[in-house]
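Participant: First, the structure itself, so that you have it in front of you.
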Amino acid sequence: MRRYSLFALAREALRGHTGWGRAWGAAAPRAAYDAIIVGAGGHGLATAYYLGRNHGLRNVAVLEKGWLGGGNTGRNTTIVRSNYLQDASAAIYEKARSLFETLSQDLNFNVMFSPRGLLMLAQTEHEVRGYRRTAHANALQGVETAFIPPARVRELVPAIRLEGPRYPVLGALWQARGGTARHDAVAWGYARACAAMGMDIVENCAVTGIRVANGAVTGVETTKGPIATRRLGLVVAGHSSVLAGMAGFRLPIESLCLQALVSEPVKPCLDVVVMANTVHGYISQSDKGEMVIGGGTDGFNNYSQRGSWHHVEETLRALTETFPMLSRLKMLRQWGGIVDMTGDRSPILSTTPVDGIFVNCGWGTGGFKAIPGSGWAMAELMATGAPGPLAAAFTLNRFREGRFIDESVAAGVAH
Ligand SMILES: Cc1cc2nc3c(=O)[nH]c(=O)nc-3n(C[C@H](O)[C@H](O)[C@H](O)COP(=O)(O)OP(=O)(O)OC[C@H]3O[C@@H](n4cnc5c(N)ncnc54)[C@H](O)[C@@H]3O)c2cc1C
């Protein structure tokens with residue numbers, strides 16, 4: 001595969017851009033693979049990439065029922081941060097954040113990582129205490145964050161109204177190297193790098209059944225025919241319970257629709273990410289100028305991928321308290337994605353009751369930021385058959401043993 005470089009760009013500019021190859025081919029599935037990953041979202045593709053890069057396993061297929069990156073990966077609001085409370089969470093999210101720093105160079109694909117800085121507003125005394133505690137925990141974990149006073153919030157976000165009609169801004173948890181990345185580019189970059197290693201990415205190929213013999217996986221049934229494998233990774237976010245059901249076990253996952261929206265584009269006016277969890281809403285400005293706005297999950301389990309009017313109203317009512325300028329903007333689009341929620345709001349990276357089947361799910365409302373770290377840890381799990389240090393705390397056993405990794409404050413409403 002041709003490397004992207006300044007030289008390649010200049011050459012193609014001179015010949016009318018006729019020499020660019022496909023970033024990844026339209027593969028037809030082969031009869032058998034050493035490993036199959038179901039789901040070509042960011043987590044599935046990153047798993048395949050690190051299986052090849054870190055563990056030399058390249059006879060791998062990624063099967064996707066729709067189009068690559070068309071699930072939550074292409075629907076999220078692109079926030080990247082690692083300011084979590086519990087040690088196990090901080091470790092995997094910080095691993096991911098640090099991989100984001102050089103991901104464009106690693107993949108030779110511009111993922112537009114923008115560590116512009118991220119604020120989580122504290123608008124009640126309870127939040128002040130909570131975020132101070134997180135800042136102390138982060139200091140011990142080696143994650144750079146700080147609790148900053150309102151005057152510093154004002155410097156970073158001139159457009160904000162600190163007084164607020166209901167909740168004044170009392171400070172914020174600030175992560176200077178948090179920010180955003182381009183979600184599609186993350187999926188495309190990993191896909192291209194996987195294809196360059198000779199892996200097959202098979203789109204429009206739904207897994208419809210899982211073959212198990214003597215307690216071990218032997219292959220999958222798909223809309224493009226059966227495929228044999230002894231190593232199967234289920235990385236399908238909101239459809240995790242459906243796939244687990246095909247293999248005959250259950251997962252502690254609930255699927256919900258999470259919504260977001262964007263405004264019309266305006267000139268640059270916000271160069272950090274701001275999250276306001278008390279009133280519930282968060283906002284950043286895209287490179288095109290749109291205000292990217294995140295809302296909440298539906299209050300009932302469902303597999304819908306659509307937005308709804310009441311979410312637009314609720315989210316904007318909340319955000320205009322701190323950003324009155326939003327009241328003048330037209331909203332252009334809204335959408336939803338099916339997120340996979342666990343009871344403790346932490347992910348699952350685990351072996352399963354079926355030998356050779358591994359699951360990676362439960363990232364819920366906040367898994368985009370985790371993609372590189374999750375892929376790294378899942379690849380280690382699939383290659384060695386046991387979780388490494390990053391994944392060790394996130395196995396399914398924790399639900400049986402009561403070892404919850406409670407991130408309901410960090411991840412329950414924020415993303
Ligand atoms: C509106 C919204 C905003 C969000 N904002 C943020 C944010 O700002 N920051 C953040 O960190 N996270 C955010 N998230 C969460 C984040 O998007 C997800 O956690 C993450 O993208 C999950 O990636 P994934 O690869 O696991 O799943 P997905 O990208 O959903 O990929 C799973 C894939 O599996 C495929 N699949 C399902 N069933 C089958 C089958 N039977 N056969 C074959 N393929 C199948 C699906 O088609 C899908 O493409 C947000 C999510 C949403 C919906």
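Identifiers for the structure tokens are assigned positionally: chains receive A, B, ... in sequence, residues are indexed from 1 per chain, and ligands are indexed from 1 in the order shown.
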Please list as a list in words every residue within 7 Å of Gly373 in chain A, counting only C-alpha atoms and excluding residues in the same chain fewer than 5 positions away.

Facilitator: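 Near neighbours after the sequence-gap exclusion: Ile92, Tyr93, Lys95 and Ala96 of chain A.
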
Participant: Leaving out range 66-82 of chain A and any residue of its chain fewer than 2 positions from it, which residues lie within 8 Å of it when counting only C-alpha atoms, given as a ChimeraX atom specification?

Facilitator: /A:40-42,64,84,90,93-94,97,118,143,175,177-184,187-188,203-206,237,260,273,292-294,335-339,368-370,415

Participant: Contacts of Gly299 in chain A at 10 Å or less, counting only C-alpha atoms, minus same-chain residues fewer than 4 places along, as a list in words?

Facilitator: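 Here the answer would be Leu256, Cys257 and Leu258 of chain A.
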
Participant: Which residues, written as a ChimeraX atom specification, have at least one atom at most 8 Å from Leu319 in chain A, with only C-alpha atoms counted and residues fewer than 6 positions away on the same chain left out?

Facilitator: /A:276,279-282,326

Participant: Would you output that residue set with C-alpha atoms, as a CSV table (one decimal), in the first residue's frame?

Facilitator:
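This is the output file selection_23.csv:
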```csv
chain,number,residue,atom,x,y,z
A,276,ALA,CA,-21.7,20.5,31.9
A,279,VAL,CA,-27.5,20.5,33.6
A,280,HIS,CA,-26.4,17.8,31.2
A,281,GLY,CA,-25.0,18.7,27.9
A,282,TYR,CA,-21.6,19.2,26.4
A,326,LEU,CA,-26.5,29.0,21.4
```

Participant: Residues within 9 Å of Glu144 in chain A, please, as a PDB file with C-alpha atoms, in the first residue's frame. Count only C-alpha atoms; anything in the same chain fewer than 3 positions from it doesn't count.

Facilitator:
```
ATOM      1  CA  SER A  82      -8.717  10.129  30.479  1.00  0.00           C
ATOM      2  CA  ASN A  83      -9.770  11.909  33.682  1.00  0.00           C
ATOM      3  CA  ALA A 135      -7.864  15.597  40.270  1.00  0.00           C
ATOM      4  CA  ASN A 138      -5.410  11.533  38.588  1.00  0.00           C
ATOM      5  CA  ALA A 139      -2.251  12.992  40.138  1.00  0.00           C
ATOM      6  CA  GLN A 141      -2.325   7.808  38.495  1.00  0.00           C
ATOM      7  CA  TRP A 174      -9.309  20.722  33.378  1.00  0.00           C
ATOM      8  CA  GLN A 175      -7.408  18.235  31.236  1.00  0.00           C
ATOM      9  CA  ALA A 176      -5.109  20.231  28.978  1.00  0.00           C
ATOM     10  CA  ARG A 177      -4.258  17.245  26.713  1.00  0.00           C
TER      11      ARG A 177
END
```

Participant: Contacts of Trp24 in chain A at 12 Å or less, counting only C-alpha atoms, minus same-chain residues fewer than 3 places along, as a list in words?

Facilitator: Met1, Arg2, Trp20, Gly21, Ala27, Leu68, Ala187, Trp188, Gly189, Tyr190, Ala191, Arg192, Ala193, Cys194, Ala195, Ala196, Met197, Gly198, Met199, Asp200, Ile201, Val202 and Glu203 of chain A

Participant: Report as a ChimeraX atom specification all protein, DNA and RNA residues lying within 8 Å of His43 in chain A, evaluated on only C-alpha atoms, omitting residues in the same chain fewer than 5 positions from it.

Facilitator: /A:235,360,371-372,374-375

Participant: Quick one: distance from CA of Tyr33 in chain A to CA of Arg53 in chain A in Å, one decimal?

Facilitator: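 For CA of Tyr33 in chain A relative to CA of Arg53 in chain A, the distance reads 16.9 Å.
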
Participant: Identify all residues of range 172-390 of chain A in alpha helix (DSSP H) (DSSP on the backbone) and supply them as a PyMOL selection string.

Facilitator: chain A and resi 183-196+240-247+309-322+371-384

Participant: Output C-alpha atoms for every residue in that selection, as an mmCIF file, in the first residue's frame.

Facilitator:
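Contents of result02.cif, freshly written:
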```cif
data_model
loop_
_atom_site.group_PDB
_atom_site.id
_atom_site.type_symbol
_atom_site.label_atom_id
_atom_site.label_comp_id
_atom_site.auth_asym_id
_atom_site.auth_seq_id
_atom_site.Cartn_x
_atom_site.Cartn_y
_atom_site.Cartn_z
ATOM 1 C CA HIS A 183 -14.132 9.729 14.401
ATOM 2 C CA ASP A 184 -14.400 8.460 10.801
ATOM 3 C CA ALA A 185 -10.685 8.955 10.274
ATOM 4 C CA VAL A 186 -9.897 6.765 13.285
ATOM 5 C CA ALA A 187 -11.932 3.907 11.759
ATOM 6 C CA TRP A 188 -10.584 4.534 8.247
ATOM 7 C CA GLY A 189 -6.981 4.803 9.447
ATOM 8 C CA TYR A 190 -7.128 1.501 11.330
ATOM 9 C CA ALA A 191 -8.931 -0.170 8.399
ATOM 10 C CA ARG A 192 -6.307 0.975 5.930
ATOM 11 C CA ALA A 193 -3.479 -0.199 8.189
ATOM 12 C CA CYS A 194 -5.193 -3.600 8.656
ATOM 13 C CA ALA A 195 -5.651 -4.001 4.900
ATOM 14 C CA ALA A 196 -1.971 -3.125 4.409
ATOM 15 C CA SER A 240 -23.283 -7.528 22.155
ATOM 16 C CA SER A 241 -26.201 -9.300 23.861
ATOM 17 C CA VAL A 242 -27.513 -10.444 20.473
ATOM 18 C CA LEU A 243 -24.172 -12.003 19.515
ATOM 19 C CA ALA A 244 -23.693 -13.518 22.986
ATOM 20 C CA GLY A 245 -27.158 -15.045 22.621
ATOM 21 C CA MET A 246 -26.022 -16.738 19.384
ATOM 22 C CA ALA A 247 -23.183 -18.387 21.328
ATOM 23 C CA TRP A 309 -37.314 16.276 19.438
ATOM 24 C CA HIS A 310 -37.544 16.216 23.198
ATOM 25 C CA HIS A 311 -33.799 15.485 23.474
ATOM 26 C CA VAL A 312 -32.972 18.490 21.299
ATOM 27 C CA GLU A 313 -35.173 20.675 23.475
ATOM 28 C CA GLU A 314 -33.864 19.292 26.776
ATOM 29 C CA THR A 315 -30.189 19.496 25.812
ATOM 30 C CA LEU A 316 -30.392 22.998 24.376
ATOM 31 C CA ARG A 317 -32.427 24.270 27.298
ATOM 32 C CA ALA A 318 -29.616 23.045 29.553
ATOM 33 C CA LEU A 319 -26.728 24.389 27.498
ATOM 34 C CA THR A 320 -28.168 27.840 26.807
ATOM 35 C CA GLU A 321 -27.942 28.494 30.550
ATOM 36 C CA THR A 322 -24.140 28.585 30.308
ATOM 37 C CA ILE A 371 -10.385 2.882 20.936
ATOM 38 C CA PRO A 372 -6.553 2.617 20.752
ATOM 39 C CA GLY A 373 -6.184 1.360 24.351
ATOM 40 C CA SER A 374 -9.101 -1.032 24.012
ATOM 41 C CA GLY A 375 -7.756 -2.467 20.754
ATOM 42 C CA TRP A 376 -4.335 -2.872 22.359
ATOM 43 C CA ALA A 377 -5.758 -4.741 25.369
ATOM 44 C CA MET A 378 -8.243 -6.829 23.357
ATOM 45 C CA ALA A 379 -5.523 -7.914 20.935
ATOM 46 C CA GLU A 380 -3.416 -9.087 23.875
ATOM 47 C CA LEU A 381 -6.426 -10.965 25.265
ATOM 48 C CA MET A 382 -7.180 -12.665 21.931
ATOM 49 C CA ALA A 383 -3.553 -13.468 21.139
ATOM 50 C CA THR A 384 -2.616 -14.934 24.517
#
```

Participant: Would you mind reading off the distance between CA of Ile160 in chain A and CA of Met275 in chain A, one decimal, in Å?

Facilitator: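 So the answer is 11.8 Å.
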
Participant: Please report, as a ChimeraX atom specification, each residue of range 283-411 of chain A to which DSSP assigns strand (DSSP E or B) when run on this structure's backbone.

Facilitator: /A:283-285,290-297,331-341,348-351,355,357-361

Participant: Kindly save the residues from that selection, with C-alpha atoms included, as a PDB file, in the first residue's frame.

Facilitator:
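Result saved to selection-v6.pdb:
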```pdb
ATOM      1  CA  ILE A 283     -20.194  21.094  23.469  1.00  0.00           C
ATOM      2  CA  SER A 284     -17.213  21.558  21.170  1.00  0.00           C
ATOM      3  CA  GLN A 285     -16.725  23.269  17.844  1.00  0.00           C
ATOM      4  CA  GLU A 290     -20.525  23.479  13.643  1.00  0.00           C
ATOM      5  CA  MET A 291     -21.216  23.333  17.361  1.00  0.00           C
ATOM      6  CA  VAL A 292     -21.177  19.612  18.197  1.00  0.00           C
ATOM      7  CA  ILE A 293     -23.598  19.018  21.046  1.00  0.00           C
ATOM      8  CA  GLY A 294     -24.106  15.874  23.065  1.00  0.00           C
ATOM      9  CA  GLY A 295     -27.252  14.936  24.885  1.00  0.00           C
ATOM     10  CA  GLY A 296     -28.365  11.981  26.946  1.00  0.00           C
ATOM     11  CA  THR A 297     -29.577   8.445  26.537  1.00  0.00           C
ATOM     12  CA  MET A 331     -29.668  23.173  14.631  1.00  0.00           C
ATOM     13  CA  LEU A 332     -28.879  21.213  11.455  1.00  0.00           C
ATOM     14  CA  ARG A 333     -28.872  17.512  12.276  1.00  0.00           C
ATOM     15  CA  GLN A 334     -29.580  15.104  15.100  1.00  0.00           C
ATOM     16  CA  TRP A 335     -28.928  11.377  15.325  1.00  0.00           C
ATOM     17  CA  GLY A 336     -28.575   8.468  17.711  1.00  0.00           C
ATOM     18  CA  GLY A 337     -26.393   5.414  18.271  1.00  0.00           C
ATOM     19  CA  ILE A 338     -26.998   2.192  20.191  1.00  0.00           C
ATOM     20  CA  VAL A 339     -24.734   2.239  23.237  1.00  0.00           C
ATOM     21  CA  ASP A 340     -23.941  -0.771  25.422  1.00  0.00           C
ATOM     22  CA  MET A 341     -24.287   0.042  29.112  1.00  0.00           C
ATOM     23  CA  ILE A 348     -15.982  -5.629  29.591  1.00  0.00           C
ATOM     24  CA  LEU A 349     -12.826  -7.144  28.045  1.00  0.00           C
ATOM     25  CA  SER A 350     -13.064 -10.801  28.789  1.00  0.00           C
ATOM     26  CA  THR A 351     -12.967 -14.467  28.005  1.00  0.00           C
ATOM     27  CA  ASP A 355     -13.562 -21.339  24.692  1.00  0.00           C
ATOM     28  CA  ILE A 357     -14.787 -16.428  22.218  1.00  0.00           C
ATOM     29  CA  PHE A 358     -13.735 -13.074  23.648  1.00  0.00           C
ATOM     30  CA  VAL A 359     -15.897 -10.005  24.230  1.00  0.00           C
ATOM     31  CA  ASN A 360     -15.097  -6.338  24.121  1.00  0.00           C
ATOM     32  CA  CYS A 361     -18.139  -4.237  24.983  1.00  0.00           C
TER      33      CYS A 361
END
```

Participant: With only C-alpha atoms and all ligand atoms as the basis for distance, which of A:Arg133, A:Arg306, A:Arg231, A:Arg22 is at the shortest distance from ligand 1?

Facilitator: A:Arg306
